[in-house]
file data05.csv (CSV, C-alpha atoms)
chain,number,residue,atom,x,y,z
A,1,MET,CA,80.8,-58.6,47.7
A,2,ILE,CA,77.6,-57.6,49.5
A,3,ILE,CA,78.2,-55.1,52.3
A,4,THR,CA,76.1,-56.2,55.4
A,5,SER,CA,77.8,-54.3,58.3
A,6,LYS,CA,77.0,-50.8,59.5
A,7,ASN,CA,80.6,-50.6,60.5
A,8,ASN,CA,81.8,-50.7,56.9
A,9,ASN,CA,83.7,-47.5,56.1
A,10,THR,CA,82.0,-47.1,52.7
A,11,TYR,CA,78.6,-47.5,54.3
A,12,LYS,CA,79.4,-44.9,57.0
A,13,PHE,CA,80.8,-42.5,54.4
A,14,LEU,CA,77.7,-42.7,52.1
A,15,LYS,CA,75.3,-42.5,55.0
A,16,GLY,CA,77.0,-39.3,56.1
A,17,LEU,CA,76.1,-37.7,52.8
A,18,LEU,CA,72.5,-37.4,54.0
A,19,GLU,CA,73.8,-34.5,56.2
A,20,LYS,CA,74.6,-31.1,54.7
A,21,LYS,CA,77.9,-30.8,56.5
A,22,HIS,CA,79.3,-34.0,55.1
A,23,ARG,CA,78.0,-33.1,51.6
A,24,GLN,CA,79.9,-29.8,51.9
A,25,GLU,CA,83.1,-31.6,53.1
A,26,SER,CA,83.1,-34.1,50.3
A,27,LYS,CA,81.4,-31.9,47.7
A,28,LEU,CA,79.1,-34.8,46.7
A,29,PHE,CA,75.3,-35.2,46.5
A,30,MET,CA,72.9,-38.0,45.9
A,31,VAL,CA,70.3,-38.8,43.2
A,32,GLU,CA,67.8,-41.5,44.0
A,33,LYS,CA,65.7,-41.5,40.8
A,34,PRO,CA,66.8,-44.0,38.1
A,35,VAL,CA,65.3,-41.8,35.3
A,36,VAL,CA,67.4,-38.8,36.5
A,37,ILE,CA,70.5,-41.0,36.6
A,38,GLU,CA,69.9,-42.1,33.1
A,39,GLU,CA,69.3,-38.6,31.8
A,40,ALA,CA,72.5,-37.4,33.5
A,41,GLU,CA,74.4,-39.6,31.0
A,42,GLY,CA,77.9,-38.2,30.4
A,43,ILE,CA,78.3,-36.8,33.9
A,44,GLU,CA,80.6,-38.9,36.0
A,45,ILE,CA,79.1,-41.0,38.8
A,46,LYS,CA,81.5,-40.9,41.7
A,47,TYR,CA,79.8,-43.8,43.6
A,48,LEU,CA,76.9,-46.0,42.8
A,49,ALA,CA,75.0,-47.7,45.7
A,50,LEU,CA,72.6,-50.6,45.1
A,51,SER,CA,70.4,-52.7,47.3
A,52,GLU,CA,71.1,-56.4,47.1
A,53,SER,CA,67.7,-57.2,45.6
A,54,ALA,CA,68.0,-54.5,43.0
A,55,TYR,CA,71.4,-55.7,42.0
A,56,ARG,CA,70.3,-59.3,41.7
A,57,SER,CA,67.3,-58.3,39.6
A,58,ASN,CA,69.7,-56.8,36.9
A,59,LYS,CA,67.1,-54.0,36.3
A,60,PHE,CA,69.8,-51.3,36.5
A,61,GLU,CA,72.3,-53.1,34.3
A,62,ASN,CA,72.2,-50.3,31.8
A,63,ILE,CA,73.4,-47.8,34.5
A,64,ILE,CA,75.9,-50.2,36.2
A,65,LYS,CA,77.7,-51.0,32.9
A,66,ASN,CA,78.7,-47.3,32.5
A,67,VAL,CA,80.3,-47.0,35.9
A,68,ASP,CA,83.7,-48.1,36.9
A,69,GLN,CA,83.2,-51.3,38.9
A,70,ASP,CA,85.4,-50.2,41.8
A,71,LYS,CA,82.8,-47.4,42.3
A,72,VAL,CA,79.8,-49.7,42.5
A,73,PHE,CA,78.8,-50.9,46.0
A,74,VAL,CA,76.1,-53.4,46.9
A,75,PHE,CA,74.4,-53.3,50.3
A,76,SER,CA,72.1,-55.8,52.0
A,77,ASP,CA,68.5,-54.5,51.8
A,78,ASN,CA,68.5,-54.2,55.6
A,79,ILE,CA,71.1,-51.5,55.7
A,80,PHE,CA,70.7,-50.0,52.2
A,81,LYS,CA,67.4,-48.4,53.4
A,82,ASN,CA,69.5,-46.3,55.8
A,83,LEU,CA,71.3,-44.7,52.9
A,84,CYS,CA,68.0,-43.4,51.4
A,85,ASP,CA,66.3,-40.1,51.9
A,86,ALA,CA,63.2,-41.0,50.0
A,87,VAL,CA,60.5,-42.9,51.9
A,88,THR,CA,60.4,-45.6,49.1
A,89,SER,CA,63.5,-46.4,47.1
A,90,PRO,CA,63.9,-48.3,43.8
A,91,GLY,CA,67.2,-49.7,45.2
A,92,ILE,CA,69.8,-47.4,43.6
A,93,ILE,CA,71.6,-44.2,44.6
A,94,ALA,CA,74.1,-42.3,42.4
A,95,TYR,CA,76.5,-39.8,43.9
A,96,TYR,CA,77.8,-36.9,41.9
A,97,SER,CA,80.2,-34.0,42.4
A,98,TYR,CA,78.8,-30.5,43.2
A,99,LEU,CA,77.6,-28.7,40.0
A,100,HIS,CA,77.4,-25.0,40.8
A,101,ARG,CA,80.0,-22.6,39.3
A,102,ASP,CA,81.4,-19.1,39.7
A,103,PHE,CA,79.3,-16.4,37.9
A,104,ASP,CA,81.3,-15.1,35.0
A,105,ARG,CA,78.5,-14.1,32.5
A,106,THR,CA,78.4,-10.7,30.9
A,107,SER,CA,74.9,-11.0,29.4
A,108,GLY,CA,71.7,-13.1,29.7
A,109,LYS,CA,68.6,-13.3,31.8
A,110,TYR,CA,68.8,-14.7,35.3
A,111,LEU,CA,66.8,-15.2,38.6
A,112,TYR,CA,68.4,-14.5,41.9
A,113,LEU,CA,67.0,-16.4,44.9
A,114,ASP,CA,67.3,-14.2,48.0
A,115,ASP,CA,67.1,-16.4,51.0
A,116,ILE,CA,64.7,-19.1,49.6
A,117,ARG,CA,64.2,-21.6,52.4
A,118,GLU,CA,62.1,-24.4,51.1
A,119,PRO,CA,64.0,-27.2,49.2
A,120,GLY,CA,60.9,-28.1,47.3
A,121,ASN,CA,60.5,-24.5,46.1
A,122,LEU,CA,64.1,-24.4,45.0
A,123,GLY,CA,63.9,-27.6,43.1
A,124,GLY,CA,60.7,-26.5,41.4
A,125,ILE,CA,62.3,-23.2,40.4
A,126,ILE,CA,65.3,-25.0,38.9
A,127,ARG,CA,63.0,-27.2,36.8
A,128,SER,CA,60.9,-24.2,35.6
A,129,ALA,CA,64.1,-22.2,34.7
A,130,ASP,CA,65.4,-25.2,32.7
A,131,ALA,CA,62.1,-25.8,30.9
A,132,LEU,CA,61.5,-22.2,30.0
A,133,GLY,CA,65.1,-21.5,28.8
A,134,LEU,CA,66.4,-19.1,31.5
A,135,ASP,CA,70.1,-18.5,31.1
A,136,GLY,CA,70.8,-19.5,34.7
A,137,LEU,CA,69.9,-19.3,38.4
A,138,ILE,CA,71.9,-17.4,41.1
A,139,ILE,CA,71.4,-18.5,44.7
A,140,SER,CA,72.2,-16.5,47.8
A,141,PRO,CA,74.4,-18.3,50.4
A,142,GLU,CA,71.6,-17.8,53.0
A,143,SER,CA,69.2,-19.9,50.9
A,144,CYS,CA,68.5,-23.6,51.5
A,145,ASP,CA,70.9,-26.3,50.4
A,146,LEU,CA,71.0,-26.7,46.6
A,147,TYR,CA,72.0,-30.3,47.2
A,148,ASN,CA,69.4,-31.3,49.7
A,149,PRO,CA,67.9,-34.6,48.5
A,150,LYS,CA,64.4,-33.0,48.4
A,151,THR,CA,65.7,-30.2,46.2
A,152,VAL,CA,67.4,-32.7,43.9
A,153,ARG,CA,64.2,-34.8,43.6
A,154,SER,CA,62.1,-31.7,42.9
A,155,SER,CA,64.4,-30.5,40.2
A,156,MET,CA,64.5,-33.8,38.4
A,157,SER,CA,67.4,-33.9,35.8
A,158,SER,CA,67.2,-30.1,35.4
A,159,ILE,CA,69.9,-29.7,38.1
A,160,PHE,CA,72.3,-31.2,35.6
A,161,ARG,CA,71.4,-28.9,32.7
A,162,LEU,CA,70.7,-25.4,34.2
A,163,PRO,CA,73.8,-23.2,35.0
A,164,ILE,CA,73.6,-22.5,38.7
A,165,TYR,CA,75.7,-20.0,40.6
A,166,PHE,CA,76.1,-18.9,44.2
A,167,MET,CA,76.6,-15.2,45.0
A,168,ALA,CA,76.3,-12.9,48.0
A,169,ARG,CA,73.9,-10.0,47.8
A,170,GLU,CA,76.8,-7.5,48.1
A,171,ASP,CA,78.4,-9.0,44.9
A,172,LEU,CA,75.1,-9.2,43.1
A,173,VAL,CA,74.4,-5.5,43.3
A,174,ASN,CA,77.9,-4.7,41.9
A,175,LEU,CA,77.3,-6.6,38.7
A,176,ASP,CA,76.8,-4.8,35.4
A,177,PHE,CA,73.3,-6.1,35.3
A,178,ASN,CA,69.8,-4.6,35.9
A,179,ILE,CA,68.6,-5.7,39.3
A,180,LEU,CA,64.8,-6.0,39.4
A,181,ALA,CA,63.1,-6.8,42.7
A,182,THR,CA,59.6,-8.2,43.2
A,183,SER,CA,57.4,-5.9,45.3
A,184,LEU,CA,53.7,-5.3,45.7
A,185,GLU,CA,54.2,-1.5,46.0
A,186,ASN,CA,55.3,1.1,43.4
A,187,SER,CA,56.0,-1.7,40.9
A,188,THR,CA,55.3,-2.6,37.3
A,189,SER,CA,53.2,-5.6,36.2
A,190,THR,CA,55.3,-8.4,34.8
A,191,ARG,CA,52.8,-8.4,31.9
A,192,ASP,CA,53.8,-4.8,31.0
A,193,TYR,CA,57.5,-4.8,31.7
A,194,ASP,CA,59.8,-4.9,28.8
A,195,PHE,CA,62.4,-7.5,29.9
A,196,LYS,CA,65.9,-7.1,28.3
A,197,ASP,CA,69.2,-8.8,28.2
A,198,LYS,CA,71.2,-8.4,31.4
A,199,ASP,CA,68.1,-8.5,33.6
A,200,ILE,CA,68.3,-10.3,37.0
A,201,VAL,CA,65.0,-10.6,38.8
A,202,VAL,CA,65.1,-11.2,42.5
A,203,ILE,CA,62.7,-13.6,44.2
A,204,GLY,CA,62.6,-13.1,48.0
A,205,ASN,CA,62.2,-15.2,51.1
A,206,GLU,CA,58.9,-17.1,51.3
A,207,ALA,CA,57.9,-15.2,54.5
A,208,LYS,CA,59.8,-11.9,54.4
A,209,GLY,CA,60.2,-11.2,50.7
A,210,VAL,CA,63.2,-9.5,49.1
A,211,SER,CA,65.8,-8.2,51.6
A,212,ASP,CA,66.0,-4.5,52.4
A,213,PHE,CA,69.6,-4.5,51.1
A,214,ILE,CA,68.6,-5.6,47.6
A,215,MET,CA,65.4,-3.4,47.7
A,216,SER,CA,67.7,-0.4,48.3
A,217,HIS,CA,69.8,-1.3,45.3
A,218,ALA,CA,67.2,-2.4,42.8
A,219,LYS,CA,66.8,-0.5,39.5
A,220,ASP,CA,63.1,-1.3,39.2
A,221,PHE,CA,60.3,-3.2,40.9
A,222,LEU,CA,57.9,-5.8,39.5
A,223,ASN,CA,54.6,-7.4,40.6
A,224,ILE,CA,52.5,-10.3,39.3
A,225,PRO,CA,48.9,-9.2,38.9
A,226,ILE,CA,46.6,-11.5,40.9
A,227,SER,CA,43.1,-11.5,42.3
A,228,PRO,CA,42.6,-9.2,45.4
A,229,LYS,CA,41.2,-12.2,47.1
A,230,VAL,CA,44.6,-13.8,47.2
A,231,ASP,CA,47.4,-12.1,49.1
A,232,SER,CA,50.4,-14.0,47.7
A,233,LEU,CA,51.7,-16.8,45.6
A,234,ASN,CA,54.0,-19.7,46.4
A,235,ALA,CA,57.6,-18.8,45.6
A,236,ASN,CA,58.0,-21.6,43.1
A,237,VAL,CA,54.8,-20.5,41.3
A,238,ALA,CA,55.7,-16.8,41.3
A,239,ALA,CA,59.2,-17.5,40.0
A,240,SER,CA,57.8,-19.7,37.2
A,241,ILE,CA,55.4,-17.0,36.1
A,242,ILE,CA,58.2,-14.4,36.1
A,243,ILE,CA,60.5,-16.7,34.1
A,244,TYR,CA,57.8,-17.2,31.5
A,245,GLU,CA,57.3,-13.5,31.2
A,246,MET,CA,61.1,-12.9,30.9
A,247,MET,CA,61.6,-15.5,28.2
A,248,LYS,CA,58.4,-15.2,26.1
call {"tool": "encode", "arguments": {"input": "data05.csv", "output": "structure tokens"}}
result
Amino acid sequence: MIITSKNNNTYKFLKGLLEKKHRQESKLFMVEKPVVIEEAEGIEIKYLALSESAYRSNKFENIIKNVDQDKVFVFSDNIFKNLCDAVTSPGIIAYYSYLHRDFDRTSGKYLYLDDIREPGNLGGIIRSADALGLDGLIISPESCDLYNPKTVRSSMSSIFRLPIYFMAREDLVNLDFNILATSLENSTSTRDYDFKDKDIVVIGNEAKGVSDFIMSHAKDFLNIPISPKVDSLNANVAASIIIYEMMK
């Protein structure tokens, strides 16, 4: 059956997932890239939405056959576009349950994102952390939404592979880990620092840097040596460099 009405309950429910509050209520998020859906094989798809033209073309048959048919919904092209966040859509959206978990690790190397605000930065950091073998990523509750469609697109399929945790600053500083903050002053170059197991490096807000609270509890401070002609790096770039130095 092709859903053609905007009054359809399934249509209204899935359209609502474009908004953070509805994602939080249902604990579901969306993936619009077919390659990511294919690479997330083995992770349950809660709902699968298709445009009528994509469904009739059979180009996603390899994805559809692995989903319970009562979870597959086909919408007319005219209203399917309203379910999409991306400007252009291939005609398929998969919906998954939230992936983050409680932090229960006693060792490993991690990054803590202290009030990161840009979804594209967050997604890029997730991808770099996965690519370079970081043990996981910890995100402050004040940071942007992990499940923002832009974050998910930027992370590609890394969001399904990298262990991701949420944690307040107050809980972070009470962990039995070495808290290392990024700072331009009185700090050691990441090239010279001897990273060890149980290190957590804090990346601060794009505009304000690491919060005063964490700065006051950090064990040590790090900087990335850059040209004096450049005053700062993009948060995603800085985080990627630090991850590389931590894991090399």
call {"tool": "atom_distance", "arguments": {"input": "data05.csv", "atom1": "CA of Tyr11 in chain A", "atom2": "CA of Arg161 in chain A"}}
result
29.4 Å
call {"tool": "atom_distance", "arguments": {"input": "data05.csv", "atom1": "CA of Ala86 in chain A", "atom2": "CA of Pro34 in chain A"}}
result
12.8 Å
call {"tool": "closest_residue", "arguments": {"input": "data05.csv", "among": "A:Ile126, A:Leu132, A:Ile79, A:Met215", "to": "Arg169 in chain A", "atoms": "all atoms listed in the file"}}
result
A:Met215
call {"tool": "residues_around", "arguments": {"input": "data05.csv", "residues": "range 58-64 of chain A", "least_positions_apart": "2", "cutoff": "10 Å", "atoms": "only C-alpha atoms", "output": "PyMOL selection string"}}
result
chain A and resi 34+37-38+41+45+48-50+53-56+66-69+71-72+90-92+94
call {"tool": "closest_residue", "arguments": {"input": "data05.csv", "among": "A:Arg117, A:Lys109, A:Lys27, A:Lys33", "to": "Ser97 in chain A", "atoms": "only C-alpha atoms"}}
result
A:Lys27
call {"tool": "build_atoms", "arguments": {"input": "data05.csv", "residues": "range 10-27 of chain A", "atoms": "N, CA, C and O atoms", "output": "tab-separated table (two decimals), in the coordinates of the input"}}
result
chain	number	residue	atom	x	y	z
A	10	THR	N	82.71	-47.62	53.83
A	10	THR	CA	82.00	-47.10	52.70
A	10	THR	C	80.53	-46.79	53.08
A	10	THR	O	79.97	-45.74	52.72
A	11	TYR	N	79.93	-47.69	53.81
A	11	TYR	CA	78.60	-47.50	54.30
A	11	TYR	C	78.48	-46.22	55.15
A	11	TYR	O	77.59	-45.37	54.95
A	12	LYS	N	79.40	-46.06	56.08
A	12	LYS	CA	79.40	-44.90	57.00
A	12	LYS	C	79.60	-43.60	56.19
A	12	LYS	O	78.98	-42.58	56.49
A	13	PHE	N	80.49	-43.66	55.19
A	13	PHE	CA	80.80	-42.50	54.40
A	13	PHE	C	79.51	-42.05	53.59
A	13	PHE	O	79.11	-40.89	53.60
A	14	LEU	N	78.89	-43.00	52.90
A	14	LEU	CA	77.70	-42.70	52.10
A	14	LEU	C	76.52	-42.28	52.96
A	14	LEU	O	75.77	-41.38	52.59
A	15	LYS	N	76.36	-42.90	54.09
A	15	LYS	CA	75.30	-42.50	55.00
A	15	LYS	C	75.47	-41.09	55.49
A	15	LYS	O	74.51	-40.34	55.67
A	16	GLY	N	76.71	-40.70	55.67
A	16	GLY	CA	77.00	-39.30	56.10
A	16	GLY	C	76.55	-38.28	55.12
A	16	GLY	O	76.26	-37.13	55.50
A	17	LEU	N	76.45	-38.65	53.84
A	17	LEU	CA	76.10	-37.70	52.80
A	17	LEU	C	74.60	-37.29	52.87
A	17	LEU	O	74.15	-36.42	52.12
A	18	LEU	N	73.85	-37.90	53.77
A	18	LEU	CA	72.50	-37.40	54.00
A	18	LEU	C	72.49	-36.12	54.79
A	18	LEU	O	71.48	-35.42	54.83
A	19	GLU	N	73.64	-35.77	55.38
A	19	GLU	CA	73.80	-34.50	56.20
A	19	GLU	C	74.51	-33.48	55.37
A	19	GLU	O	75.50	-33.77	54.68
A	20	LYS	N	74.05	-32.25	55.48
A	20	LYS	CA	74.60	-31.10	54.70
A	20	LYS	C	76.11	-30.96	54.96
A	20	LYS	O	76.89	-30.75	54.03
A	21	LYS	N	76.53	-31.04	56.23
A	21	LYS	CA	77.90	-30.80	56.50
A	21	LYS	C	78.85	-31.78	55.86
A	21	LYS	O	79.95	-31.43	55.41
A	22	HIS	N	78.43	-33.03	55.75
A	22	HIS	CA	79.30	-34.00	55.10
A	22	HIS	C	79.23	-33.88	53.57
A	22	HIS	O	80.22	-34.15	52.90
A	23	ARG	N	78.08	-33.43	53.04
A	23	ARG	CA	78.00	-33.10	51.60
A	23	ARG	C	79.00	-32.00	51.28
A	23	ARG	O	79.71	-32.04	50.27
A	24	GLN	N	79.03	-30.99	52.12
A	24	GLN	CA	79.90	-29.80	51.90
A	24	GLN	C	81.38	-30.25	51.98
A	24	GLN	O	82.23	-29.76	51.21
A	25	GLU	N	81.69	-31.12	52.92
A	25	GLU	CA	83.10	-31.60	53.10
A	25	GLU	C	83.56	-32.36	51.88
A	25	GLU	O	84.69	-32.18	51.43
A	26	SER	N	82.71	-33.23	51.36
A	26	SER	CA	83.10	-34.10	50.30
A	26	SER	C	82.74	-33.54	48.90
A	26	SER	O	83.20	-34.04	47.88
A	27	LYS	N	81.88	-32.49	48.90
A	27	LYS	CA	81.40	-31.90	47.70
A	27	LYS	C	80.69	-32.93	46.78
A	27	LYS	O	80.88	-32.97	45.56
